[in-house]
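Participant: This one is upload-v2.cif, mmCIF, C-alpha atoms and all ligand atoms.
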data_protein
loop_
_atom_site.label_atom_id
_atom_site.label_comp_id
_atom_site.auth_asym_id
_atom_site.auth_seq_id
_atom_site.Cartn_x
_atom_site.Cartn_y
_atom_site.Cartn_z
CA MET S 1 18.60 26.05 -57.64
CA LEU S 2 21.11 26.25 -60.46
CA ILE S 3 19.59 23.22 -62.15
CA ARG S 4 16.14 24.80 -61.91
CA LEU S 5 17.42 28.01 -63.50
CA ALA S 6 19.06 26.04 -66.29
CA VAL S 7 15.85 24.11 -66.92
CA LEU S 8 13.85 27.36 -66.99
CA PHE S 9 16.37 28.91 -69.40
CA LEU S 10 16.19 25.90 -71.72
CA PHE S 11 12.38 25.96 -71.48
CA ILE S 12 12.25 29.69 -72.51
CA LEU S 13 14.75 29.01 -75.31
CA ALA S 14 12.63 26.11 -76.60
CA ALA S 15 9.43 28.24 -76.35
CA ALA S 16 11.05 31.13 -78.28
CA ALA S 17 12.38 28.73 -80.92
CA SER S 18 8.96 27.09 -81.32
CA ALA S 19 7.27 30.53 -81.48
CA SER S 20 9.58 31.80 -84.20
CA TRP S 21 9.28 28.51 -86.09
CA LEU S 22 5.45 28.74 -85.79
CA ALA S 23 5.47 32.39 -86.92
CA ALA S 24 7.51 31.42 -89.98
CA GLN S 25 4.90 28.86 -91.05
CA PRO S 26 2.66 29.95 -93.91
CA GLY S 27 -1.14 29.34 -93.97
CA HIS S 28 -4.38 30.76 -92.63
CA VAL S 29 -7.27 29.47 -90.52
CA GLN S 30 -10.79 30.51 -91.45
CA VAL S 31 -13.85 29.99 -89.15
CA GLU S 32 -17.43 30.73 -90.28
CA TRP S 33 -20.13 30.58 -87.58
CA LEU S 34 -23.65 32.12 -87.34
CA GLY S 35 -22.86 34.61 -90.09
CA TRP S 36 -19.51 35.64 -88.51
CA ARG S 37 -16.22 34.99 -90.23
CA LEU S 38 -12.94 34.80 -88.32
CA GLU S 39 -9.68 34.68 -90.21
CA MET S 40 -6.16 34.45 -88.72
CA ARG S 41 -2.74 32.99 -89.36
CA THR S 42 -2.38 29.31 -88.39
CA SER S 43 0.61 30.08 -86.16
CA LEU S 44 -1.48 32.55 -84.12
CA ALA S 45 -4.28 29.99 -83.75
CA VAL S 46 -1.85 27.34 -82.43
CA ALA S 47 -0.38 29.91 -80.00
CA LEU S 48 -3.91 30.79 -78.75
CA VAL S 49 -4.76 27.11 -78.17
CA ILE S 50 -1.54 26.64 -76.17
CA ILE S 51 -2.18 29.80 -74.10
CA PHE S 52 -5.75 28.61 -73.42
CA ALA S 53 -4.52 25.19 -72.28
CA LEU S 54 -1.90 26.76 -69.99
CA GLY S 55 -4.56 29.11 -68.60
CA MET S 56 -6.80 26.13 -67.80
CA VAL S 57 -3.99 24.41 -65.92
CA PHE S 58 -3.22 27.61 -63.97
CA PHE S 59 -6.84 28.15 -62.90
CA ASP S 60 -7.20 24.49 -61.93
CA ARG S 61 -4.17 24.79 -59.65
CA LEU S 62 -5.47 28.04 -58.16
CA TYR S 63 -8.89 26.46 -57.50
CA ARG S 64 -7.35 23.50 -55.71
CA LEU S 65 -5.16 25.74 -53.56
CA ILE S 66 -8.13 27.87 -52.47
CA LYS S 67 -10.14 24.74 -51.70
CA SER S 68 -7.41 23.27 -49.43
CA LEU S 69 -6.77 26.53 -47.58
CA PRO S 70 -9.38 26.15 -44.75
CA GLY S 71 -8.16 22.58 -43.97
CA TRP S 72 -4.57 23.73 -43.76
CA LEU S 73 -5.53 26.67 -41.58
CA GLY S 74 -7.69 24.34 -39.44
CA SER S 75 -4.94 21.78 -38.87
CA SER S 76 -2.53 24.45 -37.73
CA VAL S 77 -5.18 25.79 -35.33
CA GLN S 78 -5.75 22.22 -34.05
CA LYS S 79 -2.01 21.84 -33.51
CA ARG S 80 -1.93 25.00 -31.44
CA ARG S 81 -4.95 23.83 -29.40
CA ASP S 82 -3.20 20.51 -28.69
CA VAL S 83 -0.06 22.25 -27.47
CA ALA S 84 -2.08 24.58 -25.22
CA GLY S 85 -4.18 21.65 -23.97
CA HIS S 86 -1.17 19.56 -23.04
CA LYS S 87 0.35 22.54 -21.30
CA ALA S 88 -2.83 23.01 -19.25
CA LEU S 89 -2.82 19.29 -18.41
CA THR S 90 0.80 19.43 -17.27
CA LEU S 91 0.25 22.55 -15.17
CA GLY S 92 -2.86 20.96 -13.67
CA LEU S 93 -0.96 17.82 -12.65
CA MET S 94 1.78 19.99 -11.16
CA ALA S 95 -0.87 21.88 -9.18
CA VAL S 96 -2.27 18.57 -7.88
CA SER S 97 1.16 17.39 -6.77
CA ALA S 98 1.78 20.74 -5.11
CA GLY S 99 -1.62 20.53 -3.39
CA GLU S 100 -3.21 23.64 -4.94
CA PRO S 101 -6.82 22.69 -5.75
CA ALA S 102 -8.00 26.02 -7.24
CA GLU S 103 -5.22 26.16 -9.83
CA ALA S 104 -5.63 22.44 -10.55
CA LYS S 105 -9.36 22.93 -11.21
CA ARG S 106 -8.73 25.92 -13.48
CA GLN S 107 -6.18 24.03 -15.58
CA ALA S 108 -8.43 20.95 -15.65
CA ALA S 109 -11.29 22.99 -17.15
CA ARG S 110 -8.91 24.50 -19.71
CA ALA S 111 -7.45 21.12 -20.67
CA ARG S 112 -10.92 19.65 -21.05
CA ARG S 113 -11.92 22.51 -23.40
CA LEU S 114 -8.80 22.18 -25.55
CA LEU S 115 -8.09 18.44 -25.65
CA ASP S 116 -10.12 15.55 -26.93
CA ALA S 117 -8.74 13.05 -24.36
CA PRO S 118 -11.51 12.54 -21.81
CA GLN S 119 -9.65 9.86 -19.82
CA LEU S 120 -6.78 12.24 -19.14
CA THR S 121 -8.72 15.45 -18.61
CA ASN S 122 -11.35 13.73 -16.44
CA LEU S 123 -8.57 12.24 -14.33
CA LEU S 124 -7.13 15.68 -13.69
CA ALA S 125 -10.60 17.07 -12.94
CA ALA S 126 -11.27 14.23 -10.49
CA GLN S 127 -7.95 14.68 -8.72
CA ALA S 128 -8.48 18.42 -8.49
CA SER S 129 -11.97 17.85 -7.04
CA ALA S 130 -10.72 15.26 -4.56
CA LEU S 131 -7.99 17.69 -3.50
CA ALA S 132 -10.63 20.36 -2.91
CA GLY S 133 -12.59 17.86 -0.79
CA ASP S 134 -15.30 17.42 -3.45
CA HIS S 135 -15.72 13.64 -3.52
CA GLN S 136 -18.79 13.81 -5.75
CA ALA S 137 -16.76 14.68 -8.87
CA ALA S 138 -14.12 12.09 -8.05
CA ARG S 139 -16.86 9.48 -7.61
CA ARG S 140 -18.32 10.35 -11.03
CA TYR S 141 -14.91 9.94 -12.60
CA PHE S 142 -14.20 6.57 -10.95
CA THR S 143 -17.66 5.37 -11.97
CA SER S 144 -16.77 6.25 -15.56
CA LEU S 145 -13.56 4.23 -15.19
CA ILE S 146 -15.51 1.23 -13.90
CA ALA S 147 -17.62 1.28 -17.08
CA GLU S 148 -14.53 0.53 -19.24
CA ASP S 149 -13.05 -2.97 -19.11
CA ASP S 150 -9.39 -1.94 -19.02
CA SER S 151 -9.84 0.75 -16.35
CA ALA S 152 -12.47 -0.98 -14.16
CA PHE S 153 -9.91 -2.22 -11.61
CA LEU S 154 -8.54 1.28 -11.07
CA GLY S 155 -12.08 2.61 -10.81
CA HIS S 156 -12.87 0.18 -7.97
CA ILE S 157 -9.60 1.02 -6.17
CA GLY S 158 -10.43 4.73 -6.48
CA MET S 159 -13.92 4.14 -5.08
CA MET S 160 -12.39 2.12 -2.23
CA ARG S 161 -10.09 4.99 -1.29
CA LEU S 162 -12.94 7.49 -1.43
CA ALA S 163 -15.03 5.27 0.83
CA LEU S 164 -12.13 4.95 3.28
CA ASP S 165 -11.77 8.74 3.30
CA ASP S 166 -15.50 9.06 3.92
CA ASP S 167 -15.24 6.54 6.77
CA ALA S 168 -17.62 4.15 5.00
CA PRO S 169 -15.98 0.74 5.63
CA ASP S 170 -18.82 -1.30 4.11
CA ALA S 171 -18.59 0.52 0.79
CA ALA S 172 -14.79 0.34 0.91
CA LEU S 173 -14.89 -3.41 1.47
CA ALA S 174 -17.34 -3.92 -1.40
CA SER S 175 -15.08 -1.95 -3.77
CA ALA S 176 -11.95 -3.76 -2.58
CA ARG S 177 -13.66 -7.12 -3.19
CA LYS S 178 -14.66 -6.09 -6.72
CA ALA S 179 -11.09 -4.93 -7.40
CA LEU S 180 -9.66 -8.22 -6.14
CA ALA S 181 -12.14 -10.16 -8.28
CA LEU S 182 -10.75 -8.36 -11.35
CA ARG S 183 -7.09 -8.68 -10.29
CA PRO S 184 -6.83 -11.70 -7.99
CA LYS S 185 -3.16 -10.90 -7.27
CA SER S 186 -3.64 -7.28 -6.20
CA THR S 187 -1.83 -6.88 -2.88
CA LEU S 188 -3.33 -3.42 -2.40
CA ALA S 189 -6.90 -4.71 -2.57
CA ALA S 190 -6.04 -7.81 -0.50
CA ALA S 191 -4.33 -5.79 2.25
CA HIS S 192 -7.38 -3.56 2.61
CA ILE S 193 -9.74 -6.54 2.67
CA VAL S 194 -7.73 -8.06 5.55
CA GLN S 195 -7.96 -4.82 7.56
CA LEU S 196 -11.64 -4.20 6.78
CA GLU S 197 -12.77 -7.77 7.47
CA ALA S 198 -10.77 -7.84 10.70
CA ALA S 199 -12.41 -4.58 11.78
CA ARG S 200 -15.80 -6.28 11.24
CA HIS S 201 -14.57 -9.31 13.24
CA ASN S 202 -14.98 -11.51 10.14
CA TRP S 203 -11.79 -13.41 11.00
CA GLN S 204 -12.39 -16.29 8.61
CA ALA S 205 -13.26 -14.01 5.69
CA ALA S 206 -9.97 -12.14 6.04
CA LEU S 207 -7.80 -15.26 5.72
CA PRO S 208 -8.09 -15.82 1.91
CA ALA S 209 -7.05 -12.20 1.29
CA LEU S 210 -4.08 -12.73 3.62
CA ASP S 211 -3.17 -15.80 1.54
CA VAL S 212 -3.00 -13.51 -1.52
CA LEU S 213 -0.49 -11.29 0.33
CA ALA S 214 1.55 -14.28 1.45
CA SER S 215 1.69 -15.89 -2.00
CA GLN S 216 2.63 -12.59 -3.65
CA ARG S 217 5.40 -12.19 -1.09
CA ARG S 218 6.63 -15.73 -1.72
CA SER S 219 6.72 -15.13 -5.47
CA GLY S 220 8.89 -12.09 -4.77
CA GLN S 221 6.34 -9.61 -6.07
CA SER S 222 6.32 -7.47 -2.98
CA GLY S 223 7.46 -7.09 0.54
CA SER S 224 10.31 -6.72 2.95
CA ASP S 225 11.02 -8.85 6.02
CA GLU S 226 8.83 -6.47 7.95
CA ASP S 227 5.95 -7.25 5.59
CA GLY S 228 6.60 -10.94 6.16
CA ASN S 229 6.42 -10.50 9.93
CA ASN S 230 3.30 -8.45 9.53
CA ILE S 231 1.61 -11.16 7.46
CA GLN S 232 2.60 -13.73 10.08
CA SER S 233 1.26 -11.67 13.00
CA GLN S 234 -1.94 -10.90 11.12
CA ARG S 235 -2.49 -14.59 10.39
CA THR S 236 -1.78 -15.45 14.03
CA ALA S 237 -4.24 -12.79 15.22
CA LEU S 238 -6.97 -13.87 12.79
CA LEU S 239 -6.61 -17.53 13.73
CA TYR S 240 -6.54 -16.77 17.46
CA MET S 241 -9.67 -14.62 17.27
CA ASP S 242 -11.30 -17.41 15.29
CA ALA S 243 -10.31 -19.88 18.03
CA CYS S 244 -11.86 -17.55 20.62
CA GLU S 245 -15.11 -17.61 18.66
CA HIS S 246 -15.05 -21.43 18.61
CA ALA S 247 -14.50 -21.42 22.37
CA GLN S 248 -17.35 -18.95 22.92
CA ASN S 249 -19.63 -21.26 20.96
CA ALA S 250 -18.60 -24.13 23.26
CA ASP S 251 -16.73 -25.76 20.35
CA ARG S 252 -13.62 -26.75 22.31
CA GLN S 253 -12.38 -29.17 19.65
CA GLY S 254 -12.65 -26.54 16.93
CA ALA S 255 -10.75 -24.07 19.09
CA GLN S 256 -8.08 -26.65 19.92
CA LYS S 257 -7.52 -27.44 16.25
CA VAL S 258 -6.96 -23.79 15.35
CA LEU S 259 -4.73 -23.19 18.39
CA ILE S 260 -2.49 -26.14 17.51
CA ARG S 261 -2.10 -24.63 14.05
CA ILE S 262 -1.03 -21.28 15.56
CA ILE S 263 1.46 -22.83 18.02
CA LYS S 264 3.02 -24.86 15.23
CA ASP S 265 4.04 -21.65 13.43
CA VAL S 266 4.42 -19.31 16.41
CA PRO S 267 5.15 -21.35 19.57
CA GLY S 268 5.66 -18.14 21.58
CA PHE S 269 2.26 -16.54 20.91
CA LEU S 270 1.20 -16.19 24.53
CA PRO S 271 -2.62 -15.92 24.21
CA ALA S 272 -2.75 -19.13 22.15
CA VAL S 273 -0.29 -20.90 24.50
CA LEU S 274 -2.44 -20.06 27.53
CA MET S 275 -5.74 -20.97 25.88
CA LEU S 276 -4.47 -24.26 24.46
CA SER S 277 -2.77 -25.32 27.70
CA ASP S 278 -5.99 -24.50 29.59
CA ILE S 279 -7.93 -26.79 27.26
CA TYR S 280 -5.30 -29.54 27.73
CA LEU S 281 -5.32 -29.12 31.54
CA GLU S 282 -9.13 -29.18 31.66
CA THR S 283 -9.23 -32.39 29.63
CA GLY S 284 -6.46 -34.03 31.67
CA ALA S 285 -3.96 -33.93 28.79
CA ASN S 286 -1.19 -32.73 31.11
CA ARG S 287 1.71 -33.97 29.02
CA LYS S 288 0.50 -32.03 26.00
CA ALA S 289 0.07 -28.95 28.19
CA VAL S 290 3.62 -29.36 29.57
CA LYS S 291 5.07 -29.59 26.06
CA VAL S 292 3.37 -26.37 24.90
CA LEU S 293 4.13 -24.46 28.12
CA GLU S 294 7.79 -25.52 28.44
CA LYS S 295 8.54 -24.45 24.89
CA ALA S 296 6.73 -21.13 25.42
CA PHE S 297 8.58 -20.36 28.68
CA GLY S 298 11.87 -20.44 26.79
CA ILE S 299 10.55 -17.89 24.30
CA ILE S 300 8.24 -15.68 26.33
CA PRO S 301 8.79 -16.26 30.07
CA HIS S 302 5.50 -15.01 31.47
CA ILE S 303 4.03 -15.41 34.94
CA GLU S 304 0.88 -16.96 33.43
CA VAL S 305 2.98 -19.67 31.75
CA ALA S 306 4.69 -20.44 35.08
CA ASN S 307 1.31 -20.50 36.85
CA ARG S 308 0.10 -23.23 34.47
CA LEU S 309 3.33 -25.23 34.54
CA LYS S 310 2.92 -25.89 38.26
CA PRO S 311 -0.33 -27.89 37.97
CA ALA S 312 0.83 -29.43 34.69
CA TRP S 313 4.05 -30.79 36.21
CA GLN S 314 2.31 -31.88 39.43
CA VAL S 315 5.44 -31.40 41.55
CA ASN S 316 6.14 -29.86 44.98
CA ASP S 317 7.37 -26.26 45.44
CA GLY S 318 11.05 -27.12 45.44
CA GLY S 319 10.66 -29.33 42.38
CA PHE S 320 8.68 -26.60 40.62
CA ILE S 321 11.43 -23.98 41.09
CA ALA S 322 14.12 -26.48 40.09
CA LYS S 323 12.24 -27.45 36.93
CA LEU S 324 11.62 -23.81 35.99
CA MET S 325 15.35 -23.16 36.29
CA THR S 326 16.06 -25.83 33.67
CA LEU S 327 13.94 -23.83 31.19
CA ILE S 328 16.04 -20.62 31.34
CA PRO S 329 17.08 -19.97 27.72
CA ALA S 330 20.48 -18.83 26.46
CA ASP S 331 19.27 -15.46 25.13
CA GLU S 332 20.30 -12.87 27.76
CA ASP S 333 17.24 -10.67 27.64
CA ILE S 334 14.76 -13.56 27.80
CA ALA S 335 16.88 -15.34 30.44
CA ASP S 336 16.76 -12.22 32.67
CA ALA S 337 12.98 -12.08 32.39
CA ALA S 338 12.76 -15.80 33.21
CA ARG S 339 15.00 -15.33 36.28
CA CYS S 340 12.73 -12.53 37.58
CA ILE S 341 9.69 -14.78 37.34
CA ILE S 342 11.48 -17.71 38.99
CA ALA S 343 12.73 -15.43 41.80
CA ASN S 344 9.20 -14.16 42.45
CA GLN S 345 7.81 -17.71 42.46
CA ALA S 346 10.58 -18.82 44.83
CA LEU S 347 9.82 -15.93 47.20
CA ASP S 348 6.13 -16.86 47.11
CA VAL S 349 6.92 -20.34 48.46
CA GLY S 350 9.59 -19.13 50.92
CA LEU S 351 12.66 -20.25 48.96
CA ASP S 352 14.53 -16.97 49.58
CA GLY S 353 17.94 -18.45 48.79
CA GLU S 354 16.87 -19.59 45.32
CA ALA S 355 15.26 -16.19 44.70
CA ALA S 356 18.42 -14.31 45.67
CA GLY S 357 20.47 -16.63 43.46
CA GLN S 358 18.36 -15.80 40.41
CA ILE S 359 18.51 -12.03 40.93
CA THR S 360 22.26 -11.91 41.58
CA ALA S 361 22.67 -13.80 38.29
CA ILE S 362 21.37 -10.67 36.52
CA PRO S 363 24.13 -8.00 36.43
CA GLU S 364 22.93 -4.63 37.78
CA SER S 365 23.55 -2.99 34.38
CA ARG S 366 20.97 -5.29 32.77
CA ARG S 367 18.29 -5.09 35.47
CA ASP S 368 14.93 -3.63 34.47
CA ALA S 369 12.22 -2.32 36.81
CA ASP S 370 10.93 -5.85 37.43
CA ALA S 371 14.35 -7.19 38.45
CA TRP S 372 14.91 -4.31 40.89
CA GLN S 373 11.46 -4.82 42.41
CA VAL S 374 12.25 -8.49 43.06
CA ALA S 375 15.58 -7.42 44.57
CA ALA S 376 13.65 -5.08 46.91
CA ARG S 377 11.33 -7.95 47.87
CA ILE S 378 14.32 -10.15 48.72
CA ALA S 379 16.00 -7.40 50.78
CA GLN S 380 12.73 -6.85 52.64
CA ALA S 381 12.39 -10.57 53.34
CA HIS S 382 15.83 -10.45 54.91
CA GLY S 383 14.92 -7.34 56.94
CA HIS S 384 17.33 -5.07 55.03
CA GLN S 385 15.06 -2.06 54.68
CA ASP S 386 17.78 0.30 53.38
CA ASP S 387 18.73 -2.12 50.61
CA ALA S 388 15.04 -2.53 49.77
CA ASN S 389 14.58 1.26 49.49
CA ALA S 390 17.68 1.59 47.32
CA ALA S 391 16.40 -1.18 45.03
CA LEU S 392 13.01 0.57 44.69
CA VAL S 393 14.75 3.83 43.73
CA ALA S 394 16.78 1.88 41.16
CA ALA S 395 13.55 0.30 39.88
CA SER S 396 12.04 3.73 39.22
CA LYS S 397 14.99 4.65 36.99
CA ALA S 398 15.45 1.30 35.28
CA PRO S 399 14.09 0.41 31.84
CA ARG S 400 10.54 -0.84 31.75
CA PRO S 401 10.06 -4.61 31.73
CA GLN S 402 8.84 -6.46 28.62
CA GLY S 403 5.20 -6.02 27.77
CA TRP S 404 2.68 -5.69 24.96
CA GLN S 405 3.55 -2.69 22.82
CA CYS S 406 1.73 -1.41 19.75
CA GLY S 407 4.03 -1.35 16.72
CA ALA S 408 2.03 1.50 15.21
CA CYS S 409 1.54 3.99 18.04
CA ARG S 410 4.05 2.56 20.61
CA SER S 411 1.43 2.53 23.39
CA LEU S 412 1.79 -0.13 26.13
CA HIS S 413 -0.92 -2.58 27.17
CA ASP S 414 -1.37 -5.22 29.87
CA ASP S 415 -2.90 -7.83 27.57
CA TRP S 416 -2.73 -8.83 23.94
CA GLN S 417 -5.65 -7.59 21.87
CA SER S 418 -6.48 -7.97 18.19
CA HIS S 419 -6.88 -4.20 17.74
CA CYS S 420 -4.76 -1.64 19.57
CA PRO S 421 -7.05 0.13 22.08
CA ASP S 422 -5.22 3.40 21.38
CA CYS S 423 -4.92 3.54 17.59
CA ASP S 424 -7.13 0.64 16.47
CA SER S 425 -4.34 -0.93 14.36
CA PHE S 426 -4.88 -4.61 13.71
CA ALA S 427 -2.41 -7.27 14.92
CA GLN S 428 0.21 -4.75 16.02
CA LEU S 429 0.68 -5.64 19.71
CA VAL S 430 4.06 -7.30 20.19
CA TRP S 431 5.62 -8.69 23.39
CA GLN S 432 8.89 -6.80 23.71
CA ARG S 433 11.01 -4.51 25.80
CA PRO S 434 9.26 -1.19 25.19
CA ASP S 435 11.16 1.16 22.95
CA ARG S 436 10.71 4.88 22.47
CA VAL S 437 9.09 5.27 25.89
CA THR S 438 10.59 6.84 28.99
CA PRO S 439 11.33 4.89 32.22
CA LEU S 440 8.54 4.87 34.78
CA PHE S 441 9.96 8.05 36.29
CA ASP S 442 12.38 10.61 34.89
CA GLU S 443 15.84 11.05 36.39
CA PRO S 444 15.65 13.40 39.38
CA VAL S 445 17.31 16.70 38.46
ZN ZN N 501 -1.58 1.47 18.63
#
I'd like the structure from this file rewritten - as structure tokens, please.
Facilitator:
Amino acid sequence: MLIRLAVLFLFILAAAASASWLAAQPGHVQVEWLGWRLEMRTSLAVALVIIFALGMVFFDRLYRLIKSLPGWLGSSVQKRRDVAGHKALTLGLMAVSAGEPAEAKRQAARARRLLDAPQLTNLLAAQASALAGDHQAARRYFTSLIAEDDSAFLGHIGMMRLALDDDAPDAALASARKALALRPKSTLAAAHIVQLEAARHNWQAALPALDVLASQRRSGQSGSDEDGNNIQSQRTALLYMDACEHAQNADRQGAQKVLIRIIKDVPGFLPAVLMLSDIYLETGANRKAVKVLEKAFGIIPHIEVANRLKPAWQVNDGGFIAKLMTLIPADEDIADAARCIIANQALDVGLDGEAAGQITAIPESRRDADAWQVAARIAQAHGHQDDANAALVAASKAPRPQGWQCGACRSLHDDWQSHCPDCDSFAQLVWQRPDRVTPLFDEPV
């Protein structure tokens, strides 16, 4: 500021000095033009020329300023519009996350009017519409995403979700397939393809998508242990259903090949164990049947496995019970279940002593409803009606025995099925001691 003042002061000083010097100069200027004659001192003429030049500069500056004024005004208006537009966008997104469709729609319309960012404002509009249950607008938006190369994948995923909401599995599958074609590693698209193909009973078609999930899991891109188990049980279910189709088409060899593949990975998958051992028994391959069944009995002791071991071993009743006893595994819970089955089998052939031995080997604290029912059978066989009644009462209060339980809805089922009959989840039935269900009867009050 001080420097400026000093400069101005020096400038005025110089101007005054020049003016007085000019005024002191002698001489006149004379102009004759169209009969007019103008006469003035030379110093005055020089001063006039300088004033004229300064005037020109001043007006030029003024003209430029006036010309730039609308642009300056416009840019500040644009700035204010941007700020208001972004605010509307933010409020709209907040409304979507809070689940308020009317406010979201209002802010979306405002943002669209104020901002020149169609991808953002259309997204908000589509979300607001979807929230209000208007899928038409959302569909228009996702279609616009599909048209652009870098957003096409998201467009297909959005269309897939809309189709799932609309309960249109064919359209959902088509969109999921297009999404996976664009991003061959997309676990989201692959997981939906597995579910949708399985629902259509296209077991084979679901397997490549399941491979995508498995390879992504292996490369550490996604997934917990639970996901790993889920992939395994889905693969097992798909392969088993495929084997069933082979069997239905009288292609026993095809079925056998697939079943061997299942058993190799999951030797305790009961439906495959039973089907494969049946094929072996029918074709006289008893030793192969024995191998599959013996291994399975140690993992999932099931009456159907025992029923097949008897013809496979080709032994007498006593030998059968003795051989079964050699298969009792170390794991307590599985061993108890195996003992129950052996006890029942022993009772069936009149070997009451062996039956009683198996049941007394299970401590009362660990007995489930099955174990108590066998105990009642034994007591009855010995004519001890009171003991039998007491055992039946205990059975009603004991935990339920192992069975097929849906991992999604916890419902219990007699047989394994690819889709849960209660909630339609795919590959969720697991052989286990039921959890989160009450005993057969509540405690008497
Ligand atoms: Zn279920």
Participant: Counting only C-alpha atoms and all ligand atoms, give me one row per residue of chain S with an atom at most 9 Å from an atom of ligand ZN 501 (chain N), showing the shortest contact pair and its distance in Å to one decimal, sorted by chain then residue number, as a tab-separated table.
Facilitator:
residue	atom	partner	partner_atom	distance
S:Gln405	CA	N:ZN501	ZN	7.8
S:Cys406	CA	N:ZN501	ZN	4.5
S:Gly407	CA	N:ZN501	ZN	6.6
S:Ala408	CA	N:ZN501	ZN	5.0
S:Cys409	CA	N:ZN501	ZN	4.1
S:Arg410	CA	N:ZN501	ZN	6.1
S:Ser411	CA	N:ZN501	ZN	5.7
S:Leu412	CA	N:ZN501	ZN	8.4
S:His419	CA	N:ZN501	ZN	7.8
S:Cys420	CA	N:ZN501	ZN	4.5
S:Pro421	CA	N:ZN501	ZN	6.6
S:Asp422	CA	N:ZN501	ZN	5.0
S:Cys423	CA	N:ZN501	ZN	4.1
S:Asp424	CA	N:ZN501	ZN	6.0
S:Ser425	CA	N:ZN501	ZN	5.6
S:Phe426	CA	N:ZN501	ZN	8.5
S:Gln428	CA	N:ZN501	ZN	7.0
S:Leu429	CA	N:ZN501	ZN	7.5
Participant: Could you produce a table of the residues of segment 269-371 of chain S lying within 10 Å of segment 386-395 of chain S, with the nearest pair of atoms per residue and their separation in Å rounded to one decimal, using all atoms listed in the file, ordered by chain and increasing residue number, as CSV?
Facilitator:
residue,atom,partner,partner_atom,distance
S:Glu364,CA,S:Ala394,CA,9.6
S:Arg367,CA,S:Ala395,CA,8.4
S:Asp368,CA,S:Ala395,CA,6.8
S:Ala369,CA,S:Ala395,CA,4.2
S:Asp370,CA,S:Ala395,CA,7.1
S:Ala371,CA,S:Ala395,CA,7.7
Participant: Which polymer residues have any atom within 9 Å of an atom of segment 110-112 of chain S, counting all atoms listed in the file, with same-chain residues fewer than 6 positions away left out, as a tab-separated table (two decimals) with C-alpha atoms, in the coordinates of the input?
Facilitator:
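Output contents, as saved in out.tsv:
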chain	number	residue	atom	x	y	z
S	84	ALA	CA	-2.08	24.58	-25.22
S	85	GLY	CA	-4.18	21.65	-23.97
S	86	HIS	CA	-1.17	19.56	-23.04
S	87	LYS	CA	0.35	22.54	-21.30
S	88	ALA	CA	-2.83	23.01	-19.25
S	89	LEU	CA	-2.82	19.29	-18.41
S	92	GLY	CA	-2.86	20.96	-13.67
S	118	PRO	CA	-11.51	12.54	-21.81
S	120	LEU	CA	-6.78	12.24	-19.14
S	121	THR	CA	-8.72	15.45	-18.61
S	122	ASN	CA	-11.35	13.73	-16.44
S	124	LEU	CA	-7.13	15.68	-13.69
S	125	ALA	CA	-10.60	17.07	-12.94
Participant: Taking only C-alpha atoms into account, name the residue in S:Ala237, S:Met159, S:Ala95, S:Ala355 that is nearest to Gln195 of chain S.
Facilitator: S:Ala237
Participant: Give me the residues within 12 Å of Ser97 of chain S as a PyMOL selection string, counting only C-alpha atoms and dropping any in the same chain fewer than 4 places off.
Facilitator: chain S and resi 90-93+101+103-104+124+127-128+131
Participant: Between atom CA of Ile334 of chain S and atom CA of Ile300 of chain S, what is the distance in Å, rounded to a tenth?
Facilitator: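 Computing the Euclidean distance for atom CA of Ile334 of chain S and atom CA of Ile300 of chain S yields 7.0 Å.
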Participant: Need to verify the contact set: Val31 of chain S, 12 Å, only C-alpha atoms, exclusion of same-chain residues closer than 5 positions in sequence. Can you return it as a list in words?
Facilitator: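 Contacts, with the query itself left out: Trp36, Arg37, Leu38, Glu39, Met40, Arg41, Thr42 and Ala45 of chain S.
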Participant: If you measure from atom CA of Asp331 of chain S to atom CA of Gln432 of chain S, what distance in Å do you get, rounded to one decimal?
Facilitator: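 These two atoms are separated by 13.6 Å.
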Participant: Could you please determine the separation between atom CA of Leu347 of chain S and atom CA of Pro267 of chain S in Å, to one decimal place?
Facilitator: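 Interatomic distance here is 28.5 Å.
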Participant: What residues have an atom no more than 12 Å from (-10.0, -17.1, 18.8) in the file's own frame, counting only C-alpha atoms, and can you write them as number ranges by chain?
Facilitator: S: 201-204, 235-252, 254-262, 271-276, 417-418
Participant: Nearest residue to Asp150 of chain S out of S:Gly318, S:Ala189, S:Leu182, S:Gln358, using only C-alpha atoms?
Facilitator: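 For Asp150 of chain S, the nearest of the given residues is S:Leu182.
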Participant: Do a neighbour search on Ala338 of chain S at 12 Å with all atoms listed in the file, toss out local chain neighbours closer than 6 positions, and write the hits as a ChimeraX atom specification.
Facilitator: /S:294,296-306,321,324-332,344-345,355,358-359,361-362,370-371,401-402
